[in-house]
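Engineer: Below is the file model.txt, which contains compact mmCIF, C-alpha atoms.
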# COMPACT_ATOMS: atom_id res chain seq x y z
CA MET V 1 82.50 110.41 98.88
CA THR V 2 84.20 109.41 95.62
CA LYS V 3 87.18 111.54 96.61
CA TYR V 4 87.64 109.64 99.88
CA PHE V 5 87.07 106.29 98.19
CA LYS V 6 89.72 107.19 95.64
CA LEU V 7 92.11 108.20 98.40
CA ALA V 8 91.44 104.96 100.35
CA LEU V 9 92.07 102.96 97.20
CA GLN V 10 95.34 104.80 96.62
CA ILE V 11 96.41 104.08 100.19
CA VAL V 12 95.59 100.37 99.82
CA LEU V 13 97.47 100.23 96.52
CA SER V 14 100.49 101.97 98.07
CA TYR V 15 100.47 99.46 100.91
CA PHE V 16 100.32 96.61 98.39
CA LEU V 17 103.30 98.14 96.61
CA ILE V 18 105.25 98.24 99.89
CA VAL V 19 104.37 94.58 100.53
CA LEU V 20 105.63 93.77 97.03
CA GLN V 21 108.79 95.74 97.73
CA PHE V 22 109.60 93.91 100.93
CA THR V 23 108.63 90.44 99.80
CA PHE V 24 108.96 90.13 96.03
CA ILE V 25 111.53 92.72 94.97
CA SER V 26 113.84 91.95 97.89
CA SER V 27 113.93 88.26 96.92
CA LEU V 28 114.91 88.91 93.30
CA SER V 29 118.49 88.36 92.26
CA ALA V 30 120.92 91.28 92.10
CA PRO V 31 120.77 93.99 90.83
CA PHE V 32 116.96 93.85 90.43
CA ASN V 33 116.53 93.62 94.20
CA LEU V 34 117.79 97.20 94.39
CA ILE V 35 114.68 98.60 92.73
CA ASN V 36 112.73 100.83 95.08
CA LEU V 37 109.12 100.73 93.85
CA PRO V 38 107.66 103.04 96.54
CA LEU V 39 110.25 105.68 95.67
CA ILE V 40 109.23 105.50 92.02
CA LEU V 41 105.59 105.80 93.05
CA LEU V 42 106.45 108.89 95.10
CA ILE V 43 108.27 110.45 92.14
CA LEU V 44 105.18 109.92 90.00
CA ILE V 45 103.03 111.51 92.71
CA VAL V 46 105.46 114.44 92.96
CA ILE V 47 105.26 115.01 89.21
CA LEU V 48 101.65 114.11 88.49
CA GLY V 49 99.80 114.16 91.80
CA ARG V 50 97.71 116.90 93.31
CA LYS V 51 99.30 119.74 95.25
CA ASP V 52 100.39 118.17 98.54
CA TYR V 53 99.58 114.53 97.95
CA TYR V 54 103.25 113.69 97.82
CA LEU V 55 103.70 114.79 101.45
CA TYR V 56 100.96 112.50 102.73
CA PHE V 57 102.17 109.57 100.68
CA ALA V 58 105.81 110.12 101.66
CA PHE V 59 104.71 110.10 105.26
CA LEU V 60 102.50 107.04 104.87
CA ILE V 61 105.06 104.98 102.95
CA GLY V 62 107.85 106.00 105.31
CA PHE V 63 105.71 105.07 108.28
CA VAL V 64 105.02 101.53 106.97
CA PHE V 65 108.72 101.10 106.14
CA ASP V 66 109.67 102.23 109.63
CA ILE V 67 107.22 99.87 111.29
CA PHE V 68 108.54 96.83 109.43
CA SER V 69 112.23 97.65 109.42
CA PHE V 70 114.54 97.24 112.39
CA ASP V 71 116.30 100.57 111.87
CA PHE V 72 115.58 103.67 113.90
CA PHE V 73 111.94 104.56 113.83
CA PHE V 74 111.50 107.73 111.67
CA ILE V 75 114.53 107.11 109.41
CA TYR V 76 112.37 106.23 106.40
CA ILE V 77 109.74 108.91 107.04
CA ILE V 78 112.46 111.57 107.16
CA SER V 79 114.27 110.16 104.13
CA PHE V 80 111.11 109.98 102.03
CA LEU V 81 110.04 113.48 103.13
CA ILE V 82 113.43 115.01 102.32
CA THR V 83 113.42 113.25 98.96
CA THR V 84 109.92 114.29 97.94
CA ILE V 85 110.19 117.87 99.17
CA SER V 86 113.51 118.42 97.38
CA SER V 87 112.22 116.70 94.22
CA ARG V 88 109.12 118.87 94.28
CA TYR V 89 111.32 121.95 94.67
CA LEU V 90 113.43 120.86 91.71
CA GLN V 91 110.34 120.25 89.62
CA LEU V 92 108.70 123.58 90.44
CA ARG V 93 111.86 125.61 89.93
CA PHE V 94 113.53 123.94 86.97
CA PHE V 95 111.37 121.25 85.37
CA THR V 96 107.87 122.61 85.08
CA ASN V 97 107.40 120.95 81.69
CA ILE V 98 106.40 117.31 81.89
CA SER V 99 108.79 115.72 79.43
CA ILE V 100 110.61 112.44 79.51
CA TYR V 101 113.84 114.27 80.32
CA SER V 102 112.37 115.97 83.36
CA PHE V 103 111.02 112.56 84.47
CA ILE V 104 114.49 111.05 84.22
CA VAL V 105 116.28 113.95 85.90
CA ILE V 106 113.81 114.11 88.80
CA THR V 107 114.00 110.32 89.24
CA ALA V 108 117.80 110.36 89.26
CA PHE V 109 117.81 113.29 91.67
CA ALA V 110 115.30 111.60 94.00
CA THR V 111 117.27 108.34 93.95
CA VAL V 112 120.48 110.12 94.92
CA ILE V 113 118.80 112.25 97.62
CA PHE V 114 116.99 109.26 99.12
CA ASN V 115 120.16 107.18 99.37
CA PHE V 116 122.17 110.04 100.79
CA SER V 117 119.57 111.00 103.37
CA TYR V 118 118.97 107.41 104.50
CA GLN V 119 122.67 106.61 104.75
CA SER V 120 123.48 109.92 106.46
CA ILE V 121 120.82 109.46 109.16
CA ASP V 122 121.87 105.85 109.60
CA PHE V 123 125.51 106.90 109.89
CA ILE V 124 124.76 109.64 112.43
CA PHE V 125 122.73 107.32 114.64
CA SER V 126 125.10 104.35 114.41
CA VAL V 127 128.35 106.26 114.75
CA TYR V 128 128.83 104.79 118.21
CA GLN V 129 128.96 101.30 116.72
CA SER V 130 132.51 100.21 116.10
CA SER V 131 131.63 98.47 112.82
CA SER V 132 130.01 101.50 111.21
CA SER V 133 131.98 102.98 108.35
CA PHE V 134 131.36 106.15 106.40
CA PHE V 135 129.25 105.19 103.40
CA LEU V 136 130.80 107.69 100.99
CA THR V 137 134.12 105.88 101.17
CA GLU V 138 132.53 102.49 100.51
CA ALA V 139 132.56 101.02 97.00
CA TRP V 140 129.22 99.23 97.47
CA PHE V 141 127.44 102.55 98.03
CA TRP V 142 128.54 103.99 94.68
CA ARG V 143 128.11 100.72 92.83
CA THR V 144 124.55 100.17 94.02
CA LEU V 145 123.69 103.82 93.51
CA ALA V 146 124.75 103.48 89.87
CA TYR V 147 122.58 100.38 89.47
CA LYS V 148 119.65 102.12 91.10
CA LEU V 149 119.99 105.14 88.85
CA LEU V 150 119.97 102.93 85.78
CA LEU V 151 117.08 100.74 86.92
CA HIS V 152 114.91 103.56 88.21
CA SER V 153 115.46 105.64 85.08
CA ALA V 154 114.57 102.67 82.87
CA ILE V 155 111.38 101.99 84.84
CA VAL V 156 110.36 105.65 84.75
CA VAL V 157 110.90 105.79 80.98
CA LEU V 158 108.67 102.73 80.57
CA LEU V 159 106.07 104.24 82.87
CA PHE V 160 106.21 107.54 80.99
CA TYR V 161 105.38 105.82 77.70
CA ALA V 162 102.74 103.64 79.38
CA ILE V 163 101.00 106.69 80.87
CA ASN V 164 101.40 108.60 77.65
CA SER V 165 99.74 105.88 75.61
CA SER V 166 96.81 105.53 77.99
CA SER V 167 96.15 109.13 78.99
CA ARG V 168 96.45 112.61 77.58
CA ARG V 169 97.91 113.94 80.80
CA LEU V 170 101.52 114.03 79.70
CA ARG V 171 100.89 115.34 76.21
CA PRO V 172 101.80 118.95 75.58
CA TYR V 173 99.06 121.45 74.95
CA LEU V 174 99.56 123.03 71.57
CA LEU V 175 97.62 125.98 70.34
CA ASP V 176 96.52 125.46 66.78
CA LYS V 177 96.83 128.47 64.59
CA LYS V 178 93.77 128.49 62.41
CA MET L 179 106.52 134.77 92.98
CA GLN L 180 104.98 131.35 93.07
CA LYS L 181 104.58 129.85 96.49
CA THR L 182 106.59 126.64 96.34
CA PHE L 183 105.53 124.94 99.56
CA ASN L 184 102.77 125.09 102.04
CA LYS L 185 104.94 125.59 105.12
CA LYS L 186 102.01 125.09 107.45
CA LYS L 187 101.47 121.58 106.12
CA ILE L 188 105.15 120.70 106.39
CA TYR L 189 105.24 121.89 109.99
CA SER L 190 102.13 119.92 110.89
CA ILE L 191 103.64 116.80 109.30
CA LEU L 192 106.81 117.31 111.32
CA LEU L 193 104.70 117.71 114.45
CA ILE L 194 102.85 114.46 113.71
CA LEU L 195 106.20 112.80 113.12
CA ILE L 196 107.50 113.85 116.53
CA LEU L 197 104.26 112.66 118.12
CA LEU L 198 104.52 109.32 116.29
CA VAL L 199 108.10 108.82 117.44
CA PHE L 200 106.95 109.31 121.05
CA LEU L 201 104.00 106.99 120.60
CA TYR L 202 106.22 104.38 118.94
CA TYR L 203 108.72 104.32 121.76
CA LEU L 204 105.87 104.23 124.30
CA ASN L 205 104.59 101.11 122.49
CA ALA L 206 101.30 102.83 121.79
CA LEU L 207 101.47 101.91 118.11
CA LYS L 208 101.58 98.16 118.75
CA PRO L 209 98.13 97.34 117.26
CA LEU L 210 98.95 99.28 114.10
CA GLU L 211 102.41 97.70 113.98
CA LYS L 212 100.83 94.26 114.23
CA LEU L 213 98.44 95.01 111.41
CA VAL L 214 101.16 96.31 109.10
CA ILE L 215 103.54 93.44 109.83
CA SER L 216 100.87 90.77 109.46
CA GLY L 217 100.08 92.16 106.00
CA ILE L 218 103.75 92.01 105.02
CA ASN L 219 104.06 88.50 106.49
CA LYS L 220 101.05 87.34 104.47
CA GLY L 221 102.50 88.94 101.36
CA GLY L 222 105.84 87.29 102.07
CA GLU L 223 104.21 83.87 102.07
CA VAL L 224 103.05 84.47 98.51
CA PHE L 225 105.71 86.63 96.92
CA TYR L 226 109.05 85.77 98.55
CA ASN L 227 109.30 82.30 97.00
CA LEU L 228 108.03 83.63 93.72
CA GLY L 229 110.84 86.17 93.57
CA SER L 230 113.64 83.81 94.55
CA ASN L 231 112.41 81.08 92.19
CA TRP L 232 112.04 83.60 89.41
CA GLY L 233 115.57 84.82 89.97
CA SER L 234 117.06 81.33 89.86
CA SER L 235 115.00 80.25 86.83
CA PHE L 236 116.67 82.90 84.68
CA SER L 237 119.99 81.15 84.82
CA GLY L 238 120.74 78.95 81.81
CA SER L 239 118.88 76.60 79.45
CA GLU L 240 116.49 73.76 80.39
CA GLU L 241 119.34 71.22 80.40
CA GLU L 242 121.54 73.47 82.52
CA ARG L 243 118.68 74.01 84.92
CA GLU L 244 118.09 70.26 85.22
CA LEU L 245 121.79 69.73 85.87
CA LYS L 246 121.76 72.53 88.41
CA GLU L 247 118.72 71.05 90.13
CA GLY L 248 120.39 67.63 90.17
CA LYS L 249 123.53 69.16 91.64
CA GLN L 250 121.49 71.00 94.25
CA ARG L 251 119.67 67.77 95.16
CA LEU L 252 122.95 65.91 95.55
CA GLU L 253 124.39 68.75 97.59
CA ARG L 254 121.32 68.67 99.81
CA GLU L 255 121.72 64.92 100.30
CA LEU L 256 125.41 65.37 101.04
CA ASN L 257 124.62 68.10 103.53
CA GLU L 258 122.08 65.86 105.22
CA MET L 259 124.73 63.17 105.52
CA LEU L 260 127.23 65.67 106.86
CA ALA L 261 124.65 66.84 109.37
CA GLU L 262 124.08 63.22 110.34
CA LYS L 263 127.84 62.70 110.65
CA ALA L 264 128.21 65.79 112.82
CA LYS L 265 125.29 64.67 114.92
CA TRP L 266 126.94 61.28 115.50
CA GLN L 267 130.27 62.89 116.28
CA GLU L 268 128.49 65.09 118.75
CA VAL L 269 126.74 62.10 120.26
CA GLN L 270 130.04 60.25 120.47
CA ARG L 271 131.67 63.16 122.23
CA GLU L 272 128.77 63.39 124.61
CA ASN L 273 128.93 59.66 125.22
CA ASP L 274 132.58 59.97 126.15
CA LYS L 275 131.59 62.54 128.70
CA LEU L 276 128.81 60.29 129.85
CA ARG L 277 131.30 57.64 130.80
CA SER L 278 132.98 60.15 133.04
CA TYR L 279 129.86 61.65 134.49
CA LEU L 280 127.62 58.65 134.97
CA ASN L 281 123.90 59.33 135.25
CA PHE L 282 124.56 62.95 134.54
CA PHE L 283 123.95 63.29 130.85
CA GLU L 284 120.55 63.47 129.40
CA GLU L 285 120.25 64.07 125.73
CA ASN L 286 118.79 67.47 125.02
CA GLU L 287 115.75 67.70 122.83
CA TYR L 288 115.45 71.22 121.56
CA ASN L 289 112.21 72.84 120.71
CA LYS L 290 111.93 74.57 117.42
CA VAL L 291 109.75 77.32 116.07
CA MET L 292 109.18 77.02 112.36
CA ALA L 293 109.23 80.33 110.54
CA ARG L 294 108.91 81.52 107.00
CA VAL L 295 111.33 83.95 105.38
CA VAL L 296 109.21 86.89 104.27
CA ALA L 297 111.79 89.43 103.19
CA SER L 298 115.47 90.11 102.86
CA ASP L 299 117.42 93.20 103.62
CA ASN L 300 118.84 94.39 100.35
CA LEU L 301 116.62 97.41 99.88
CA LEU L 302 118.98 99.70 101.68
CA SER L 303 121.65 97.56 103.22
CA GLU L 304 123.22 97.21 99.82
CA ASP L 305 126.38 96.37 101.62
CA ILE L 306 126.49 92.66 100.88
CA ASN L 307 128.37 92.12 104.12
CA GLN L 308 125.30 93.11 106.06
CA SER L 309 122.49 91.26 104.37
CA ASN L 310 119.82 90.04 106.74
CA ILE L 311 116.60 88.11 106.32
CA TYR L 312 113.25 88.54 108.05
CA LEU L 313 111.09 85.83 109.57
CA ASN L 314 107.35 85.93 110.19
CA LYS L 315 107.71 84.92 113.85
CA GLY L 316 108.73 87.14 116.73
CA LEU L 317 108.54 87.84 120.45
CA GLU L 318 105.00 86.48 120.71
CA ASP L 319 106.24 83.08 119.49
CA GLY L 320 108.87 82.86 122.21
CA LEU L 321 111.86 83.98 120.17
CA ARG L 322 114.76 85.81 121.78
CA GLU L 323 117.74 87.73 120.45
CA GLY L 324 120.75 85.52 119.82
CA MET L 325 118.81 82.32 119.10
CA ALA L 326 120.12 80.05 116.35
CA VAL L 327 118.31 79.73 113.06
CA ILE L 328 118.76 76.48 111.14
CA ASN L 329 117.56 75.10 107.83
CA GLU L 330 115.83 71.77 107.20
CA GLU L 331 119.17 69.95 107.19
CA GLY L 332 120.07 71.27 110.61
CA ILE L 333 122.69 73.65 109.25
CA LEU L 334 123.18 76.89 111.12
CA VAL L 335 122.03 79.68 108.85
CA GLY L 336 122.26 82.61 111.22
CA LYS L 337 121.08 84.06 114.47
CA ILE L 338 118.38 86.44 115.56
CA LEU L 339 119.53 90.05 115.71
CA SER L 340 116.39 91.85 116.77
CA LEU L 341 112.70 91.25 117.19
CA HIS L 342 109.27 92.74 116.83
CA ASP L 343 106.14 91.04 118.17
CA ASN L 344 105.54 89.19 114.91
CA SER L 345 108.77 89.39 113.00
CA ALA L 346 112.45 88.77 113.49
CA GLN L 347 115.59 90.05 111.83
CA VAL L 348 118.17 87.33 111.27
CA CYS L 349 121.79 87.94 110.36
CA LEU L 350 123.16 85.27 108.05
CA SER L 351 126.35 83.47 108.98
CA ILE L 352 128.06 84.98 105.91
CA ASN L 353 127.32 88.46 107.22
CA GLU L 354 130.42 90.23 108.57
CA ASP L 355 128.54 91.40 111.64
CA CYS L 356 127.39 87.87 112.48
CA LYS L 357 129.72 86.05 114.84
CA PHE L 358 129.40 82.60 116.41
CA ALA L 359 131.37 80.67 118.97
CA ALA L 360 132.47 77.57 117.07
CA ARG L 361 134.79 74.62 117.15
CA PHE L 362 135.95 71.88 114.85
CA SER L 363 133.75 68.81 114.92
CA LYS L 364 136.74 66.43 115.15
CA GLN L 365 138.65 68.47 117.70
CA SER L 366 136.40 69.85 120.38
CA GLU L 367 139.27 71.78 121.98
CA ALA L 368 139.93 73.80 118.80
CA LEU L 369 137.65 76.68 119.65
CA GLY L 370 137.28 79.99 117.89
CA ILE L 371 134.98 82.67 116.66
CA VAL L 372 133.60 82.40 113.16
CA GLN L 373 132.59 85.49 111.27
CA GLY L 374 131.08 86.13 107.85
CA SER L 375 133.43 87.26 105.14
CA LEU L 376 132.48 89.41 102.13
CA GLY L 377 128.93 88.10 102.26
CA LEU L 378 130.09 84.88 100.62
CA THR L 379 132.00 82.69 103.04
CA ILE L 380 132.83 82.39 106.72
CA SER L 381 136.24 82.73 108.29
CA MET L 382 137.64 81.37 111.51
CA ASN L 383 140.67 83.13 112.92
CA LEU L 384 142.98 82.72 115.88
CA ILE L 385 143.17 78.94 115.71
CA PRO L 386 146.33 77.80 117.51
CA GLN L 387 148.93 76.25 115.19
CA GLU L 388 149.03 72.96 117.12
CA HIS L 389 145.59 71.96 115.87
CA ASP L 390 145.69 69.93 112.70
CA ILE L 391 143.01 71.47 110.51
CA SER L 392 142.42 70.18 107.03
CA VAL L 393 140.12 70.93 104.10
CA GLY L 394 136.76 69.22 104.51
CA ASP L 395 136.67 69.41 108.31
CA LEU L 396 133.33 70.37 109.72
CA VAL L 397 132.90 73.42 111.90
CA VAL L 398 130.08 73.32 114.43
CA SER L 399 128.69 75.62 117.10
CA SER L 400 130.61 75.24 120.35
CA GLY L 401 127.68 75.79 122.69
CA LEU L 402 129.51 78.59 124.49
CA GLU L 403 126.80 81.04 123.50
CA LYS L 404 123.81 81.10 125.78
CA ASP L 405 121.11 80.53 123.18
CA ILE L 406 122.95 78.42 120.62
CA PRO L 407 123.19 74.70 121.36
CA PRO L 408 126.41 72.82 120.52
CA GLY L 409 126.87 70.70 117.41
CA LEU L 410 124.99 72.76 114.85
CA ILE L 411 126.93 72.75 111.58
CA VAL L 412 128.32 76.12 110.57
CA GLY L 413 130.14 74.92 107.44
CA GLU L 414 133.00 72.97 105.96
CA VAL L 415 136.63 74.09 105.80
CA SER L 416 137.50 75.01 102.23
CA SER L 417 141.01 76.34 102.80
CA VAL L 418 143.54 76.73 105.59
CA THR L 419 146.09 79.53 105.82
CA LYS L 420 149.01 78.44 107.92
CA GLN L 421 152.49 79.92 108.10
CA SER L 422 155.28 78.44 110.12
CA ASN L 423 156.27 81.79 111.66
CA ASP L 424 152.73 82.59 112.82
CA ILE L 425 151.18 81.70 116.15
CA TRP L 426 147.73 81.34 114.67
CA GLN L 427 146.24 79.78 111.61
CA GLU L 428 143.13 80.80 109.75
CA ALA L 429 140.44 78.74 108.06
CA THR L 430 137.96 79.70 105.37
CA ILE L 431 134.65 77.95 105.81
CA GLU L 432 132.15 77.26 103.09
CA PRO L 433 128.55 77.67 104.31
CA LEU L 434 126.46 74.62 103.45
CA TYR L 435 123.26 76.37 102.50
CA SER L 436 122.08 78.21 99.46
CA LEU L 437 120.63 81.71 99.81
CA ASN L 438 118.00 80.96 97.18
CA GLU L 439 116.65 78.04 99.14
CA LEU L 440 116.01 79.83 102.40
CA ASP L 441 112.25 79.85 102.64
CA PHE L 442 111.28 77.81 105.68
CA LEU L 443 113.64 77.95 108.62
CA ALA L 444 113.57 76.77 112.22
CA VAL L 445 114.56 78.78 115.26
CA VAL L 446 116.10 76.56 117.92
CA ILE L 447 114.69 77.16 121.39
CA PRO L 448 117.29 75.81 123.82
Represent the structure contained in this file as structure tokens.
Structural biologist:
Amino acid sequence: MTKYFKLALQIVLSYFLIVLQFTFISSLSAPFNLINLPLILLILIVILGRKDYYLYFAFLIGFVFDIFSFDFFFIYIISFLITTISSRYLQLRFFTNISIYSFIVITAFATVIFNFSYQSIDFIFSVYQSSSSFFLTEAWFWRTLAYKLLLHSAIVVLLFYAINSSSRRLRPYLLDKK
Amino acid sequence: MQKTFNKKKIYSILLILILLVFLYYLNALKPLEKLVISGINKGGEVFYNLGSNWGSSFSGSEEERELKEGKQRLERELNEMLAEKAKWQEVQRENDKLRSYLNFFEENEYNKVMARVVASDNLLSEDINQSNIYLNKGLEDGLREGMAVINEEGILVGKILSLHDNSAQVCLSINEDCKFAARFSKQSEALGIVQGSLGLTISMNLIPQEHDISVGDLVVSSGLEKDIPPGLIVGEVSSVTKQSNDIWQEATIEPLYSLNELDFLAVVIP
């Protein structure tokens, strides 16, 4: 029962985060409006969450995004799934230690993958529109990606220290030689 | 070797995704959609203003802020007067027509649907030329694609791009993809298409050279678009590019609204 209550609470909190993203973060002045809180949450779940939690949350968050947005339905679900699966792969293969550096690298990687996957899907499905231009040749894409990398990394560093000070989860296990 | 992924789970998620896409396009997810959007709309009522006010309060000292507020107030008053002026010019033009078409003209009273801005589109459309805003009213409130969205001073802010049952996506007039049929308030025959430019201003191209356009002239909607009534202020001419060897001239138009102050808007129902 507690397990399901915990899960329900996590879902409600994720939804609240999405509401905050759409309403509060989007109304902030640039570049702070580029912060993607749900993506940061997903990165934390990828690194710290249970086995496949990240898949469910990526799906759930993507679904809510798709419902509210006016883009093609499924674009966010796919983008979040690609991002979390590839981040998880990166973590399991190369960054099994939970250090601040692995946090930063996985965050940066996820930010890049998310932007690329979203923009690629959007480009493929809007290629028939005369106004669509290839995002890789656009200055705004690279500029905002740089801002996002900086902002997301800074937030993740803060979160790392916040989690570290309140829980033992991120501390390394050291064997004392007696 | 460690098993990296549970392929079965990934496949089942993909299957659910395909099913959801079908259900979405069959409108079977409407109740869920309504629930999700109403939550975001409610959140928007609380947080959207908070964010935009917070953003603007960071700029400058107390004195600077007071000066800025004073300037904004004066600008608002000026805009109201300009709106009034445009309204009278429109009335005058209509009265001229009235003389010609006796008993024909009846002044139009447009219905409006008030809506709150609950979100803006800079999460992924980082391209400033494509920034949109979202309203908490939609199809169920009688809105249609292409309808004009105005602010409290009657200034045209944008038009509706697409709709859900309870929300609407509005492209701002400074958005490059947002185009309006417009004309100059003083010269009703000087028609053209206005289009957002760089997410900052509006430009009006292909204006024949014979029209005498000057800085400060008001640009209003021409009424040639089905759902946008005539006489709504688009902006004020801030510069004119005119060369003697060209057939056309070009005007840069300053929008008369501030992005930070877009919280309550009205959708004009013609």
Engineer: Check the smallest atom-to-atom distance from each of L:Val291, L:Leu198, L:Leu193, L:Ala444 to Ile328 in chain L using only C-alpha atoms, then report the winner.
Structural biologist: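 Selected residue with least distance to Ile328 in chain L: L:Ala444.
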Engineer: Closest to Gln427 in chain L among L:Asp299, L:Asp390, L:Glu255, L:Glu244, using all atoms listed in the file?
Structural biologist: L:Asp390
Engineer: Please indicate the distance in Å from CA of Glu432 in chain L to CA of Ile311 in chain L, rounded to one decimal place.
Structural biologist: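 Going from CA of Glu432 in chain L over to CA of Ile311 in chain L, I get 19.2 Å.
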Engineer: I want to know what sits within 12 Å of Tyr54 in chain V, based on only C-alpha atoms, with residues of the same chain fewer than 2 positions away left out; could you give that as a PyMOL selection string?
Structural biologist: (chain V and resi 10+38-52+56-62+80-89) or (chain L and resi 183+187-188+191)
Engineer: For the contact check between chain V and chain L, emit one row per residue of chain V within 8 Å, containing the shortest atom pair and the distance in Å rounded to one decimal, counting only C-alpha atoms, chain then rising number order, as a tab-separated table.
Structural biologist:
residue	atom	partner	partner_atom	distance
V:Val19	CA	L:Ile218	CA	5.2
V:Leu20	CA	L:Phe225	CA	7.1
V:Phe22	CA	L:Ala297	CA	5.5
V:Thr23	CA	L:Ala297	CA	4.7
V:Phe24	CA	L:Phe225	CA	4.9
V:Ile25	CA	L:Gly229	CA	6.7
V:Ser26	CA	L:Ser298	CA	5.5
V:Ser27	CA	L:Gly229	CA	5.0
V:Leu28	CA	L:Gly229	CA	4.9
V:Ser29	CA	L:Gly233	CA	5.1
V:Asn33	CA	L:Asn300	CA	6.6
V:Leu34	CA	L:Leu301	CA	5.6
V:Ile35	CA	L:Leu301	CA	7.5
V:Asn36	CA	L:Leu301	CA	7.1
V:Leu55	CA	L:Ile188	CA	7.8
V:Phe59	CA	L:Ile191	CA	7.9
V:Val64	CA	L:Val214	CA	6.8
V:Ile67	CA	L:Glu211	CA	5.9
V:Phe68	CA	L:Ile215	CA	6.1
V:Phe70	CA	L:Ser340	CA	7.2
V:Phe73	CA	L:Val199	CA	6.8
V:Phe74	CA	L:Val199	CA	6.8
V:Tyr89	CA	L:Thr182	CA	6.9
V:Leu92	CA	L:Thr182	CA	7.0
V:Asn115	CA	L:Leu302	CA	7.9
V:Ser131	CA	L:Asp355	CA	7.8
V:Trp140	CA	L:Asp305	CA	5.8
V:Phe141	CA	L:Glu304	CA	7.0
V:Thr144	CA	L:Glu304	CA	6.6
Engineer: What does the structure give for the distance between CA of Gln270 in chain L and CA of Val415 in chain L, in Å to one decimal?
Structural biologist: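 Straight-line distance from CA of Gln270 in chain L to CA of Val415 in chain L works out to 21.2 Å.
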Engineer: Please provide as a PyMOL selection string all residues within 7 Å of Asp343 in chain L, with the sequence filter that same-chain residues fewer than 6 positions apart are discarded (counting only C-alpha atoms).
Structural biologist: chain L and resi 316-318
Engineer: So which residues touch Val418 in chain L within 12 Å, counting all atoms listed in the file, skipping near sequence neighbours fewer than 2 positions away, as a list of chain:residue names?
Structural biologist: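 The residues satisfying every condition are L:Ser381, L:Met382, L:Asn383, L:Leu384, L:Ile385, L:Gln387, L:His389, L:Asp390, L:Ile391, L:Ser392, L:Val393, L:Gly394, L:Asp395, L:Glu414, L:Val415, L:Ser416, L:Lys420, L:Gln421, L:Trp426, L:Gln427, L:Glu428, L:Ala429, L:Thr430, L:Ile431, L:Glu432.
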Engineer: Let me see the file: selected residues, C-alpha atoms, as a PDB file, in the frame of the given file.
Structural biologist:
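Saved file result_16.pdb follows:
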ATOM      1  CA  SER L 381     136.240  82.730 108.290  1.00  0.00           C
ATOM      2  CA  MET L 382     137.640  81.370 111.510  1.00  0.00           C
ATOM      3  CA  ASN L 383     140.670  83.130 112.920  1.00  0.00           C
ATOM      4  CA  LEU L 384     142.980  82.720 115.880  1.00  0.00           C
ATOM      5  CA  ILE L 385     143.170  78.940 115.710  1.00  0.00           C
ATOM      6  CA  GLN L 387     148.930  76.250 115.190  1.00  0.00           C
ATOM      7  CA  HIS L 389     145.590  71.960 115.870  1.00  0.00           C
ATOM      8  CA  ASP L 390     145.690  69.930 112.700  1.00  0.00           C
ATOM      9  CA  ILE L 391     143.010  71.470 110.510  1.00  0.00           C
ATOM     10  CA  SER L 392     142.420  70.180 107.030  1.00  0.00           C
ATOM     11  CA  VAL L 393     140.120  70.930 104.100  1.00  0.00           C
ATOM     12  CA  GLY L 394     136.760  69.220 104.510  1.00  0.00           C
ATOM     13  CA  ASP L 395     136.670  69.410 108.310  1.00  0.00           C
ATOM     14  CA  GLU L 414     133.000  72.970 105.960  1.00  0.00           C
ATOM     15  CA  VAL L 415     136.630  74.090 105.800  1.00  0.00           C
ATOM     16  CA  SER L 416     137.500  75.010 102.230  1.00  0.00           C
ATOM     17  CA  LYS L 420     149.010  78.440 107.920  1.00  0.00           C
ATOM     18  CA  GLN L 421     152.490  79.920 108.100  1.00  0.00           C
ATOM     19  CA  TRP L 426     147.730  81.340 114.670  1.00  0.00           C
ATOM     20  CA  GLN L 427     146.240  79.780 111.610  1.00  0.00           C
ATOM     21  CA  GLU L 428     143.130  80.800 109.750  1.00  0.00           C
ATOM     22  CA  ALA L 429     140.440  78.740 108.060  1.00  0.00           C
ATOM     23  CA  THR L 430     137.960  79.700 105.370  1.00  0.00           C
ATOM     24  CA  ILE L 431     134.650  77.950 105.810  1.00  0.00           C
ATOM     25  CA  GLU L 432     132.150  77.260 103.090  1.00  0.00           C
TER      26      GLU L 432
END
Engineer: Neighbours of Met325 in chain L within 10 Å (all atoms listed in the file; same-chain residues fewer than 3 positions away dropped), as a list in words?
Structural biologist: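 Everything that qualifies: Leu321, Arg322, Ile328, Gly336, Lys337, Ile338, Leu339, Val348, Glu403, Lys404, Asp405, Ile406, Pro407, Val445, Val446, Ile447 and Pro448 of chain L.
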Engineer: One decimal, Å: what's the distance from CA of Lys364 in chain L over to CA of Val398 in chain L, could you say?
Structural biologist: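 Distance reported for this atom pair: 9.6 Å.
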Engineer: Near Ser375 in chain L, counting only C-alpha atoms, which residues have an atom at most 6 Å away, once you skip same-chain residues fewer than 3 positions from it, shown as a ChimeraX atom specification?
Structural biologist: /L:352,354,379-380
Engineer: Counting all atoms listed in the file, note down every residue that has an atom within 6 Å of the point (116.0, 106.4, 91.9) (file coordinates), as a ChimeraX atom specification.
Structural biologist: /V:107-108,110-111,148-149,152
Engineer: Box time for range 388-406 of chain L: axis-aligned, enclosing all its listed atoms, 6 Å extra on each side; report centre and edge lengths in Å to one decimal, as lines of an AutoDock Vina configuration file.
Structural biologist:
center_x = 135.1
center_y = 75.2
center_z = 114.9
size_x = 39.9
size_y = 23.9
size_z = 33.7
Engineer: Identify which of the residues V:Ser69, V:Ser120, V:Tyr101, V:Ser79 lies closest to Leu136 in chain V, counting only C-alpha atoms when measuring atom-to-atom distances.
Structural biologist: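 Using only C-alpha atoms, the shortest distance to Leu136 in chain V belongs to V:Ser120.
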